[in-house]
>>> print(open('data.cif').read())   # mmCIF, C-alpha atoms
data_work
#
loop_
_atom_site.group_PDB
_atom_site.id
_atom_site.type_symbol
_atom_site.label_atom_id
_atom_site.label_comp_id
_atom_site.auth_asym_id
_atom_site.auth_seq_id
_atom_site.Cartn_x
_atom_site.Cartn_y
_atom_site.Cartn_z
ATOM 1 C CA MET A 1 0.000 0.000 0.000
ATOM 2 C CA SER A 2 1.466 3.377 -1.015
ATOM 3 C CA SER A 3 1.723 5.912 1.774
ATOM 4 C CA LEU A 4 -0.604 8.899 1.924
ATOM 5 C CA ARG A 5 1.103 12.287 2.038
ATOM 6 C CA GLN A 6 0.758 13.831 5.474
ATOM 7 C CA PRO A 7 -0.605 17.387 5.421
ATOM 8 C CA SER A 8 1.660 20.044 6.878
ATOM 9 C CA ASP A 9 0.879 22.039 10.008
ATOM 10 C CA ASP A 10 -0.027 25.019 7.799
ATOM 11 C CA GLU A 11 -2.426 22.872 5.757
ATOM 12 C CA ILE A 12 -4.051 21.524 8.908
ATOM 13 C CA GLU A 13 -4.438 25.081 10.236
ATOM 14 C CA TRP A 14 -6.091 26.153 6.955
ATOM 15 C CA ALA A 15 -8.411 23.150 6.993
ATOM 16 C CA GLU A 16 -9.517 23.730 10.576
ATOM 17 C CA LYS A 17 -10.327 27.387 9.844
ATOM 18 C CA TYR A 18 -12.130 26.447 6.616
ATOM 19 C CA LEU A 19 -14.212 23.752 8.334
ATOM 20 C CA GLU A 20 -15.078 26.167 11.133
ATOM 21 C CA GLU A 21 -16.804 28.543 8.678
ATOM 22 C CA GLY A 22 -20.561 28.020 8.673
ATOM 23 C CA LYS A 23 -20.405 25.397 11.426
ATOM 24 C CA ASP A 24 -23.215 25.459 13.970
ATOM 25 C CA PRO A 25 -21.592 27.251 16.945
ATOM 26 C CA ASP A 26 -24.045 25.669 19.385
ATOM 27 C CA TRP A 27 -23.613 22.085 18.171
ATOM 28 C CA ASP A 28 -23.547 19.476 20.944
ATOM 29 C CA TYR A 29 -20.714 17.093 20.062
ATOM 30 C CA LYS A 30 -22.422 14.410 22.124
ATOM 31 C CA LEU A 31 -24.910 14.131 19.232
ATOM 32 C CA GLY A 32 -22.074 13.118 16.923
ATOM 33 C CA TYR A 33 -19.774 14.753 14.405
ATOM 34 C CA PHE A 34 -17.723 14.019 11.284
ATOM 35 C CA PHE A 35 -13.975 13.715 11.036
ATOM 36 C CA ILE A 36 -11.358 13.353 8.309
ATOM 37 C CA ASP A 37 -8.696 10.711 8.907
ATOM 38 C CA VAL A 38 -5.412 12.050 7.514
ATOM 39 C CA SER A 39 -3.133 9.491 9.178
ATOM 40 C CA GLY A 40 -2.870 7.187 6.169
ATOM 41 C CA LYS A 41 -2.556 4.217 8.510
ATOM 42 C CA TYR A 42 -5.245 2.139 6.856
ATOM 43 C CA HIS A 43 -6.009 3.799 3.510
ATOM 44 C CA VAL A 44 -4.447 5.402 0.464
ATOM 45 C CA TYR A 45 -7.090 8.152 0.633
ATOM 46 C CA TYR A 46 -8.080 10.838 3.101
ATOM 47 C CA THR A 47 -11.303 9.389 4.473
ATOM 48 C CA LEU A 48 -14.520 10.749 5.990
ATOM 49 C CA TRP A 49 -16.066 9.207 9.137
ATOM 50 C CA LYS A 50 -19.095 9.860 11.317
ATOM 51 C CA GLN A 51 -18.782 9.516 15.069
ATOM 52 C CA GLY A 52 -22.240 8.872 16.520
ATOM 53 C CA LYS A 53 -23.384 8.620 20.114
ATOM 54 C CA LEU A 54 -22.491 4.940 20.345
ATOM 55 C CA ASN A 55 -20.799 3.957 17.112
ATOM 56 C CA LEU A 56 -18.303 4.938 14.459
ATOM 57 C CA ASN A 57 -19.141 4.744 10.745
ATOM 58 C CA PHE A 58 -16.905 4.915 7.700
ATOM 59 C CA ILE A 59 -18.520 7.251 5.161
ATOM 60 C CA THR A 60 -16.284 7.423 2.094
ATOM 61 C CA ASN A 61 -12.871 7.875 0.520
ATOM 62 C CA LEU A 62 -12.535 11.592 -0.183
ATOM 63 C CA SER A 63 -9.398 12.159 -2.247
ATOM 64 C CA THR A 64 -5.633 11.742 -2.266
ATOM 65 C CA ASP A 65 -5.422 15.547 -2.487
ATOM 66 C CA PHE A 66 -5.830 17.126 0.958
ATOM 67 C CA GLU A 67 -7.527 20.370 -0.116
ATOM 68 C CA THR A 68 -10.001 18.517 -2.334
ATOM 69 C CA ALA A 69 -10.759 16.092 0.489
ATOM 70 C CA VAL A 70 -11.516 18.918 2.919
ATOM 71 C CA GLU A 71 -13.749 20.738 0.430
ATOM 72 C CA LYS A 72 -15.727 17.553 -0.367
ATOM 73 C CA ALA A 73 -16.198 16.807 3.333
ATOM 74 C CA LYS A 74 -17.487 20.308 4.075
ATOM 75 C CA LYS A 75 -19.948 20.190 1.173
ATOM 76 C CA ALA A 76 -21.329 16.821 2.284
ATOM 77 C CA THR A 77 -21.774 17.598 5.977
ATOM 78 C CA GLY A 78 -23.513 20.981 5.976
ATOM 79 C CA ARG A 79 -23.341 22.717 9.366
ATOM 80 C CA ILE A 80 -22.440 19.615 11.363
ATOM 81 C CA PRO A 81 -18.860 19.894 12.708
ATOM 82 C CA VAL A 82 -15.948 18.241 10.899
ATOM 83 C CA VAL A 83 -12.625 17.781 12.662
ATOM 84 C CA ILE A 84 -9.209 16.622 11.482
ATOM 85 C CA ASP A 85 -7.933 13.318 12.938
ATOM 86 C CA ARG A 86 -4.160 12.986 12.629
ATOM 87 C CA THR A 87 -3.793 9.759 14.610
ATOM 88 C CA GLY A 88 -6.047 7.396 12.644
ATOM 89 C CA THR A 89 -9.174 5.398 13.245
ATOM 90 C CA LYS A 90 -9.900 1.862 14.368
ATOM 91 C CA ALA A 91 -8.410 -0.791 12.106
ATOM 92 C CA GLY A 92 -10.785 -3.123 10.324
ATOM 93 C CA LEU A 93 -13.638 -0.674 9.846
ATOM 94 C CA PHE A 94 -12.672 0.072 6.281
ATOM 95 C CA LYS A 95 -12.778 -3.618 5.402
ATOM 96 C CA ALA A 96 -16.257 -3.875 6.910
ATOM 97 C CA ALA A 97 -17.360 -0.988 4.718
ATOM 98 C CA GLN A 98 -16.798 -3.073 1.592
ATOM 99 C CA ALA A 99 -20.196 -4.682 2.248
ATOM 100 C CA GLU A 100 -21.696 -1.361 1.196
ATOM 101 C CA ILE A 101 -20.388 -1.546 -2.375
ATOM 102 C CA LEU A 102 -23.230 -1.444 -4.894
ATOM 103 C CA THR A 103 -23.369 -4.182 -7.501
ATOM 104 C CA PHE A 104 -26.020 -2.526 -9.684
ATOM 105 C CA GLY A 105 -27.104 0.774 -11.200
ATOM 106 C CA LYS A 106 -25.136 3.794 -12.380
ATOM 107 C CA TYR A 107 -22.973 3.752 -9.239
ATOM 108 C CA ARG A 108 -21.980 0.095 -9.527
ATOM 109 C CA GLY A 109 -18.675 -0.461 -7.731
ATOM 110 C CA LYS A 110 -19.013 2.539 -5.417
ATOM 111 C CA THR A 111 -19.786 2.453 -1.710
ATOM 112 C CA LEU A 112 -22.877 4.081 -0.239
ATOM 113 C CA GLY A 113 -20.549 6.541 1.461
ATOM 114 C CA ASP A 114 -19.062 7.530 -1.919
ATOM 115 C CA ILE A 115 -22.572 8.180 -3.224
ATOM 116 C CA PHE A 116 -23.555 10.112 -0.091
ATOM 117 C CA VAL A 117 -20.768 12.608 -0.824
ATOM 118 C CA GLU A 118 -21.122 12.716 -4.626
ATOM 119 C CA ASP A 119 -24.891 12.428 -5.182
ATOM 120 C CA PRO A 120 -26.910 12.259 -1.923
ATOM 121 C CA LYS A 121 -30.233 12.412 -3.778
ATOM 122 C CA TYR A 122 -29.448 8.980 -5.246
ATOM 123 C CA ILE A 123 -29.350 7.671 -1.669
ATOM 124 C CA ILE A 124 -32.903 8.980 -1.252
ATOM 125 C CA TRP A 125 -33.885 7.196 -4.471
ATOM 126 C CA LEU A 126 -32.356 3.970 -3.136
ATOM 127 C CA SER A 127 -34.260 4.293 0.142
ATOM 128 C CA LYS A 128 -37.519 4.318 -1.825
ATOM 129 C CA ASN A 129 -36.656 1.747 -4.469
ATOM 130 C CA TYR A 130 -34.196 -0.791 -3.031
ATOM 131 C CA ASP A 131 -35.920 -4.172 -2.792
ATOM 132 C CA GLY A 132 -32.871 -6.418 -2.478
ATOM 133 C CA LYS A 133 -32.489 -9.271 -0.002
ATOM 134 C CA SER A 134 -29.599 -7.780 1.981
ATOM 135 C CA ALA A 135 -30.915 -6.533 5.315
ATOM 136 C CA GLU A 136 -27.451 -5.133 6.070
ATOM 137 C CA ARG A 137 -27.454 -3.032 2.908
ATOM 138 C CA ALA A 138 -31.021 -1.834 3.556
ATOM 139 C CA GLU A 139 -29.921 -0.769 7.040
ATOM 140 C CA LYS A 140 -26.933 1.107 5.617
ATOM 141 C CA ILE A 141 -29.129 2.854 3.038
ATOM 142 C CA LYS A 142 -31.395 3.967 5.871
ATOM 143 C CA TYR A 143 -28.372 5.206 7.829
ATOM 144 C CA TYR A 144 -27.165 7.420 4.976
ATOM 145 C CA THR A 145 -30.710 8.599 4.240
ATOM 146 C CA ASP A 146 -31.127 9.685 7.861
ATOM 147 C CA LEU A 147 -27.690 11.323 7.715
ATOM 148 C CA TYR A 148 -28.706 13.319 4.632
ATOM 149 C CA PHE A 149 -31.970 14.512 6.154
ATOM 150 C CA GLU A 150 -30.191 15.378 9.402
ATOM 151 C CA ALA A 151 -27.786 17.656 7.528
ATOM 152 C CA ILE A 152 -30.544 19.217 5.385
ATOM 153 C CA THR A 153 -32.818 19.807 8.381
ATOM 154 C CA LYS A 154 -30.039 21.466 10.341
ATOM 155 C CA LYS A 155 -29.175 23.696 7.373
ATOM 156 C CA ASN A 156 -32.828 24.688 6.877
ATOM 157 C CA LEU A 157 -33.323 25.446 10.563
ATOM 158 C CA GLU A 158 -30.416 27.869 10.379
ATOM 159 C CA GLU A 159 -31.234 29.490 7.034
ATOM 160 C CA SER A 160 -35.016 29.398 6.538
ATOM 161 C CA LYS A 161 -36.873 32.651 7.224
ATOM 162 C CA SER A 162 -40.284 30.982 7.177
ATOM 163 C CA GLN A 163 -42.514 31.394 10.237
ATOM 164 C CA HIS A 164 -45.977 30.094 11.064
ATOM 165 C CA ILE A 165 -48.603 32.693 10.133
ATOM 166 C CA GLY A 166 -52.029 33.231 11.715
ATOM 167 C CA LYS A 167 -53.955 31.132 14.192
ATOM 168 C CA ILE A 168 -55.632 27.802 13.457
ATOM 169 C CA GLY A 169 -59.048 28.529 11.955
ATOM 170 C CA GLU A 170 -58.181 32.160 11.127
ATOM 171 C CA LYS A 171 -58.790 33.564 7.639
ATOM 172 C CA ILE A 172 -55.682 35.210 6.218
ATOM 173 C CA PHE A 173 -54.590 36.855 2.972
ATOM 174 C CA VAL A 174 -51.354 35.902 1.228
ATOM 175 C CA ASP A 175 -49.402 37.595 -1.560
ATOM 176 C CA GLY A 176 -46.618 35.377 -2.849
ATOM 177 C CA THR A 177 -44.907 33.346 -5.554
ATOM 178 C CA VAL A 178 -45.919 29.798 -6.462
ATOM 179 C CA TYR A 179 -42.705 27.732 -6.298
ATOM 180 C CA ASP A 180 -44.259 24.268 -6.540
ATOM 181 C CA VAL A 181 -47.546 23.136 -8.086
ATOM 182 C CA ARG A 182 -49.185 19.731 -8.579
ATOM 183 C CA LYS A 183 -52.184 19.226 -10.825
ATOM 184 C CA VAL A 184 -54.451 16.521 -9.426
ATOM 185 C CA THR A 185 -57.684 15.182 -10.894
ATOM 186 C CA ASN A 186 -60.297 14.357 -8.258
ATOM 187 C CA ASP A 187 -63.627 12.597 -8.626
ATOM 188 C CA PHE A 188 -66.156 15.115 -7.278
ATOM 189 C CA TYR A 189 -69.649 13.565 -7.104
ATOM 190 C CA GLY A 190 -69.017 11.598 -10.272
ATOM 191 C CA GLN A 191 -67.382 14.478 -12.130
ATOM 192 C CA LYS A 192 -63.692 14.887 -12.802
ATOM 193 C CA LYS A 193 -62.314 18.058 -11.280
ATOM 194 C CA LEU A 194 -58.801 19.431 -11.745
ATOM 195 C CA ILE A 195 -57.320 20.964 -8.603
ATOM 196 C CA TYR A 196 -54.021 22.765 -8.065
ATOM 197 C CA GLN A 197 -52.040 21.879 -4.939
ATOM 198 C CA CYS A 198 -49.457 24.593 -4.394
ATOM 199 C CA LYS A 199 -46.585 25.759 -2.275
ATOM 200 C CA ILE A 200 -46.199 29.517 -1.994
ATOM 201 C CA VAL A 201 -43.521 31.775 -0.531
ATOM 202 C CA ASP A 202 -44.390 35.361 0.395
ATOM 203 C CA ASP A 203 -42.136 38.416 0.226
ATOM 204 C CA ASN A 204 -40.905 37.800 3.790
ATOM 205 C CA GLY A 205 -39.875 34.199 3.101
ATOM 206 C CA ASN A 206 -42.867 32.618 4.869
ATOM 207 C CA LYS A 207 -44.047 29.402 3.200
ATOM 208 C CA PHE A 208 -47.594 28.141 2.691
ATOM 209 C CA SER A 209 -49.062 24.922 1.326
ATOM 210 C CA THR A 210 -52.578 24.485 -0.052
ATOM 211 C CA TYR A 211 -54.743 21.513 -0.922
ATOM 212 C CA ASN A 212 -56.566 23.440 -3.649
ATOM 213 C CA ILE A 213 -55.558 26.944 -4.663
ATOM 214 C CA GLY A 214 -59.019 27.643 -6.091
ATOM 215 C CA GLY A 215 -57.935 28.372 -9.665
ATOM 216 C CA GLU A 216 -55.383 27.712 -12.393
ATOM 217 C CA VAL A 217 -51.790 28.683 -11.590
ATOM 218 C CA ASN A 218 -48.312 27.829 -12.797
ATOM 219 C CA LYS A 219 -44.938 27.652 -11.129
ATOM 220 C CA GLY A 220 -43.476 31.146 -10.874
ATOM 221 C CA ASP A 221 -46.837 32.967 -10.837
ATOM 222 C CA TYR A 222 -47.207 35.793 -8.320
ATOM 223 C CA ILE A 223 -50.680 35.473 -6.811
ATOM 224 C CA LYS A 224 -53.006 36.884 -4.169
ATOM 225 C CA ILE A 225 -55.160 34.404 -2.228
ATOM 226 C CA SER A 226 -57.264 34.105 0.872
ATOM 227 C CA GLY A 227 -57.568 30.955 2.942
ATOM 228 C CA LYS A 228 -58.222 29.516 6.372
ATOM 229 C CA VAL A 229 -55.298 28.311 8.470
ATOM 230 C CA LYS A 230 -55.710 24.545 8.825
ATOM 231 C CA ASP A 231 -52.410 23.645 10.479
ATOM 232 C CA HIS A 232 -48.851 24.689 11.278
ATOM 233 C CA THR A 233 -46.288 22.070 10.249
ATOM 234 C CA GLU A 234 -42.536 21.713 9.895
ATOM 235 C CA LYS A 235 -40.747 19.653 7.252
ATOM 236 C CA LEU A 236 -36.975 19.246 7.173
ATOM 237 C CA GLY A 237 -36.602 22.308 9.388
ATOM 238 C CA ILE A 238 -38.880 24.559 7.279
ATOM 239 C CA LYS A 239 -42.086 25.908 8.806
ATOM 240 C CA PHE A 240 -45.253 25.753 6.685
ATOM 241 C CA THR A 241 -48.658 27.343 7.209
ATOM 242 C CA VAL A 242 -51.236 24.936 5.745
ATOM 243 C CA LEU A 243 -54.279 26.589 4.166
ATOM 244 C CA ASN A 244 -57.664 25.248 3.079
ATOM 245 C CA TYR A 245 -60.837 26.874 1.730
ATOM 246 C CA CYS A 246 -58.581 28.937 -0.523
ATOM 247 C CA LYS A 247 -59.792 31.549 -2.979
ATOM 248 C CA LEU A 248 -57.606 32.819 -5.794
ATOM 249 C CA ILE A 249 -58.187 36.573 -5.658
ATOM 250 C CA SER A 250 -55.853 37.427 -8.521
ATOM 251 C CA ASN A 251 -52.989 36.020 -10.533
ATOM 252 C CA VAL A 252 -50.788 39.088 -10.891
ATOM 253 C CA THR A 253 -48.474 37.405 -13.391
ATOM 254 C CA LYS A 254 -51.298 36.462 -15.766
ATOM 255 C CA ASP A 255 -52.916 39.889 -15.374
ATOM 256 C CA VAL A 256 -49.660 41.575 -16.388
ATOM 257 C CA GLU A 257 -49.375 39.320 -19.433
ATOM 258 C CA LYS A 258 -53.023 39.757 -20.390
ATOM 259 C CA TYR A 259 -53.055 43.537 -20.258
ATOM 260 C CA ASN A 260 -49.432 44.037 -21.331
ATOM 261 C CA LEU A 261 -48.721 46.001 -18.155
#
>>> encode(input="data.cif", output="structure tokens")
Amino acid sequence: MSSLRQPSDDEIEWAEKYLEEGKDPDWDYKLGYFFIDVSGKYHVYYTLWKQGKLNLNFITNLSTDFETAVEKAKKATGRIPVVIDRTGTKAGLFKAAQAEILTFGKYRGKTLGDIFVEDPKYIIWLSKNYDGKSAERAEKIKYYTDLYFEAITKKNLEESKSQHIGKIGEKIFVDGTVYDVRKVTNDFYGQKKLIYQCKIVDDNGNKFSTYNIGGEVNKGDYIKISGKVKDHTEKLGIKFTVLNYCKLISNVTKDVEKYNL
């Protein structure tokens, strides 16, 4: 096995400062954290690991280039702390990680940890579609899926401006942009009815979801609606005000187009 170049003290100092940027300052390390093994004792790569409350998990080979390895680790872990480990990790864990190597699909030959760093959304796809017989692999897929959502939720909690608006049962008025819309055909007393389920963000960053917007809209439309507050929910760290009994007062975007304003 060829030896891995040891980063200099100056490189370590740069990495620690770089990894500190954007890190959650109030993070409780007892909840777990990531670390980069730079010892080269067991691998020919700089490697990423996750220290949990009770266990240690190999995530992926990062790179043989130290700067690239640090940048990839920071991108993958969001605001969860990443530390540099100069002394090395427990022997044998890397060998155990080989059970994670995929034998199918576009990432055949890669470990789940590799995919988590390179294309985490594929992990989400696997969690919904994997129907193999390996309980161990299914458990690992779940682990990386939970890891992804943990990082995303933490990032959203820190960055989202959305707040819950109004009281349950209160009628409110919303001006905002449709950023997601689903067209659904419902059977209404024997008649087919097309409804528009939307997600809206107002000018202050507050987010709303509706079962039926009450009219035809498209993604990107700026609209004015009224509705009754049905619920206050939170998904992946983002607060949503759920509306029903909605009425589309005006579609500003379509009005501008119609009258050439």
>>> resolve_selection(input="data.cif", expression="the PyMOL selection byres ((chain A and resi 34-37) around 10)", output="PDB file with C-alpha atoms, in the coordinates of the input")
ATOM      1  CA  TYR A  29     -20.714  17.093  20.062  1.00  0.00           C
ATOM      2  CA  GLY A  32     -22.074  13.118  16.923  1.00  0.00           C
ATOM      3  CA  TYR A  33     -19.774  14.753  14.405  1.00  0.00           C
ATOM      4  CA  VAL A  38      -5.412  12.050   7.514  1.00  0.00           C
ATOM      5  CA  SER A  39      -3.133   9.491   9.178  1.00  0.00           C
ATOM      6  CA  GLY A  40      -2.870   7.187   6.169  1.00  0.00           C
ATOM      7  CA  LYS A  41      -2.556   4.217   8.510  1.00  0.00           C
ATOM      8  CA  TYR A  42      -5.245   2.139   6.856  1.00  0.00           C
ATOM      9  CA  HIS A  43      -6.009   3.799   3.510  1.00  0.00           C
ATOM     10  CA  TYR A  45      -7.090   8.152   0.633  1.00  0.00           C
ATOM     11  CA  TYR A  46      -8.080  10.838   3.101  1.00  0.00           C
ATOM     12  CA  THR A  47     -11.303   9.389   4.473  1.00  0.00           C
ATOM     13  CA  LEU A  48     -14.520  10.749   5.990  1.00  0.00           C
ATOM     14  CA  TRP A  49     -16.066   9.207   9.137  1.00  0.00           C
ATOM     15  CA  LYS A  50     -19.095   9.860  11.317  1.00  0.00           C
ATOM     16  CA  GLN A  51     -18.782   9.516  15.069  1.00  0.00           C
ATOM     17  CA  GLY A  52     -22.240   8.872  16.520  1.00  0.00           C
ATOM     18  CA  LEU A  56     -18.303   4.938  14.459  1.00  0.00           C
ATOM     19  CA  ASN A  57     -19.141   4.744  10.745  1.00  0.00           C
ATOM     20  CA  PHE A  58     -16.905   4.915   7.700  1.00  0.00           C
ATOM     21  CA  ILE A  59     -18.520   7.251   5.161  1.00  0.00           C
ATOM     22  CA  THR A  60     -16.284   7.423   2.094  1.00  0.00           C
ATOM     23  CA  ASN A  61     -12.871   7.875   0.520  1.00  0.00           C
ATOM     24  CA  LEU A  62     -12.535  11.592  -0.183  1.00  0.00           C
ATOM     25  CA  PHE A  66      -5.830  17.126   0.958  1.00  0.00           C
ATOM     26  CA  ALA A  69     -10.759  16.092   0.489  1.00  0.00           C
ATOM     27  CA  VAL A  70     -11.516  18.918   2.919  1.00  0.00           C
ATOM     28  CA  ALA A  73     -16.198  16.807   3.333  1.00  0.00           C
ATOM     29  CA  LYS A  74     -17.487  20.308   4.075  1.00  0.00           C
ATOM     30  CA  THR A  77     -21.774  17.598   5.977  1.00  0.00           C
ATOM     31  CA  ILE A  80     -22.440  19.615  11.363  1.00  0.00           C
ATOM     32  CA  PRO A  81     -18.860  19.894  12.708  1.00  0.00           C
ATOM     33  CA  VAL A  82     -15.948  18.241  10.899  1.00  0.00           C
ATOM     34  CA  VAL A  83     -12.625  17.781  12.662  1.00  0.00           C
ATOM     35  CA  ILE A  84      -9.209  16.622  11.482  1.00  0.00           C
ATOM     36  CA  ASP A  85      -7.933  13.318  12.938  1.00  0.00           C
ATOM     37  CA  ARG A  86      -4.160  12.986  12.629  1.00  0.00           C
ATOM     38  CA  THR A  87      -3.793   9.759  14.610  1.00  0.00           C
ATOM     39  CA  GLY A  88      -6.047   7.396  12.644  1.00  0.00           C
ATOM     40  CA  THR A  89      -9.174   5.398  13.245  1.00  0.00           C
TER      41      THR A  89
END
>>> atom_distance(input="data.cif", atom1="atom CA of Ile141 of chain A", atom2="atom CA of Trp125 of chain A")
9.9 Å
>>> atom_distance(input="data.cif", atom1="atom CA of Asn206 of chain A", atom2="atom CA of Phe149 of chain A")
21.2 Å
>>> resolve_selection(input="data.cif", expression="the PyMOL selection byres ((chain A and resi 233-235) around 10)", output="list in words")
Thr153, Asn156, Leu157, Ser162, Gln163, His164, Phe208, Ser209, Lys230, Asp231, His232, Leu236, Gly237, Ile238, Lys239, Phe240, Thr241 and Val242 of chain A
>>> residues_around(input="data.cif", residues="Asp180 of chain A", least_positions_apart="6", cutoff="9 Å", atoms="all atoms listed in the file", output="list in words")
Gln197, Cys198, Lys199, Ile200, Asn218, Lys219 and Gly220 of chain A
>>> write_last_selection(input="data.cif", atoms="C-alpha atoms", output="tab-separated table (two decimals), in the coordinates of the input")
chain	number	residue	atom	x	y	z
A	197	GLN	CA	-52.04	21.88	-4.94
A	198	CYS	CA	-49.46	24.59	-4.39
A	199	LYS	CA	-46.58	25.76	-2.28
A	200	ILE	CA	-46.20	29.52	-1.99
A	218	ASN	CA	-48.31	27.83	-12.80
A	219	LYS	CA	-44.94	27.65	-11.13
A	220	GLY	CA	-43.48	31.15	-10.87
>>> atom_distance(input="data.cif", atom1="atom CA of Phe173 of chain A", atom2="atom CA of Tyr211 of chain A")
15.8 Å
>>> closest_residue(input="data.cif", among="A:Lys154, A:Lys72, A:Lys254, A:Arg182", to="Glu118 of chain A", atoms="all atoms listed in the file")
A:Lys72
>>> resolve_selection(input="data.cif", expression="the PyMOL selection byres ((chain A and resi 109-114) around 10)", output="ChimeraX atom specification")
/A:48-49,57-62,97-108,115-120,122-123,126,137,140-141,143-144
>>> residues_around(input="data.cif", residues="Gly205 of chain A", least_positions_apart="3", cutoff="6 Å", atoms="only C-alpha atoms", output="count of residues only")
4
>>> axis_aligned_box(input="data.cif", around="segment 134-145 of chain A", padding_each_side="5 Å", output="AutoDock Vina command-line options")
--center_x -29.2 --center_y 0.4 --center_z 4.9 --size_x 14.5 --size_y 26.4 --size_z 15.8
>>> closest_residue(input="data.cif", among="A:Ile12, A:Lys155, A:Val252, A:Glu139", to="Lys75 of chain A", atoms="all atoms listed in the file")
A:Lys155
>>> decode(input="data.cif", residues="segment 144-150 of chain A", atoms="all heavy atoms", output="compact mmCIF listing (two decimals), in the first residue's frame")
# COMPACT_ATOMS: atom_id res chain seq x y z
N TYR A 144 -27.60 6.28 5.78
CA TYR A 144 -27.16 7.42 4.98
C TYR A 144 -28.33 8.34 4.63
O TYR A 144 -28.16 9.56 4.52
CB TYR A 144 -26.45 6.94 3.71
CG TYR A 144 -25.08 6.39 3.98
CD1 TYR A 144 -24.81 5.04 3.86
CD2 TYR A 144 -24.05 7.23 4.39
CE1 TYR A 144 -23.55 4.53 4.13
CE2 TYR A 144 -22.80 6.74 4.67
CZ TYR A 144 -22.54 5.39 4.54
OH TYR A 144 -21.29 4.89 4.82
N THR A 145 -29.52 7.77 4.47
CA THR A 145 -30.71 8.60 4.24
C THR A 145 -30.97 9.49 5.45
O THR A 145 -31.21 10.70 5.31
CB THR A 145 -31.95 7.71 3.98
OG1 THR A 145 -31.70 6.90 2.83
CG2 THR A 145 -33.18 8.57 3.73
N ASP A 146 -30.92 8.90 6.64
CA ASP A 146 -31.13 9.69 7.86
C ASP A 146 -30.04 10.75 8.01
O ASP A 146 -30.30 11.87 8.46
CB ASP A 146 -31.12 8.76 9.08
CG ASP A 146 -32.33 7.85 9.13
OD1 ASP A 146 -33.30 8.11 8.40
OD2 ASP A 146 -32.31 6.86 9.91
N LEU A 147 -28.81 10.40 7.63
CA LEU A 147 -27.69 11.32 7.71
C LEU A 147 -27.92 12.52 6.80
O LEU A 147 -27.67 13.68 7.17
CB LEU A 147 -26.40 10.60 7.33
CG LEU A 147 -25.08 11.18 7.79
CD1 LEU A 147 -25.02 11.25 9.30
CD2 LEU A 147 -23.92 10.33 7.25
N TYR A 148 -28.42 12.25 5.60
CA TYR A 148 -28.71 13.32 4.63
C TYR A 148 -29.79 14.26 5.17
O TYR A 148 -29.62 15.48 5.17
CB TYR A 148 -29.15 12.70 3.31
CG TYR A 148 -29.68 13.70 2.31
CD1 TYR A 148 -28.82 14.53 1.60
CD2 TYR A 148 -31.05 13.82 2.07
CE1 TYR A 148 -29.30 15.46 0.69
CE2 TYR A 148 -31.53 14.74 1.16
CZ TYR A 148 -30.66 15.54 0.47
OH TYR A 148 -31.15 16.47 -0.42
N PHE A 149 -30.88 13.68 5.65
CA PHE A 149 -31.97 14.51 6.15
C PHE A 149 -31.57 15.27 7.41
O PHE A 149 -32.04 16.38 7.66
CB PHE A 149 -33.22 13.66 6.41
CG PHE A 149 -33.94 13.28 5.14
CD1 PHE A 149 -34.24 11.95 4.87
CD2 PHE A 149 -34.32 14.24 4.23
CE1 PHE A 149 -34.90 11.60 3.70
CE2 PHE A 149 -34.98 13.91 3.06
CZ PHE A 149 -35.28 12.58 2.80
N GLU A 150 -30.69 14.68 8.22
CA GLU A 150 -30.19 15.38 9.40
C GLU A 150 -29.43 16.64 9.00
O GLU A 150 -29.63 17.72 9.59
CB GLU A 150 -29.27 14.44 10.19
CG GLU A 150 -28.63 15.08 11.42
CD GLU A 150 -27.62 14.17 12.10
OE1 GLU A 150 -27.50 13.00 11.69
OE2 GLU A 150 -26.94 14.65 13.03
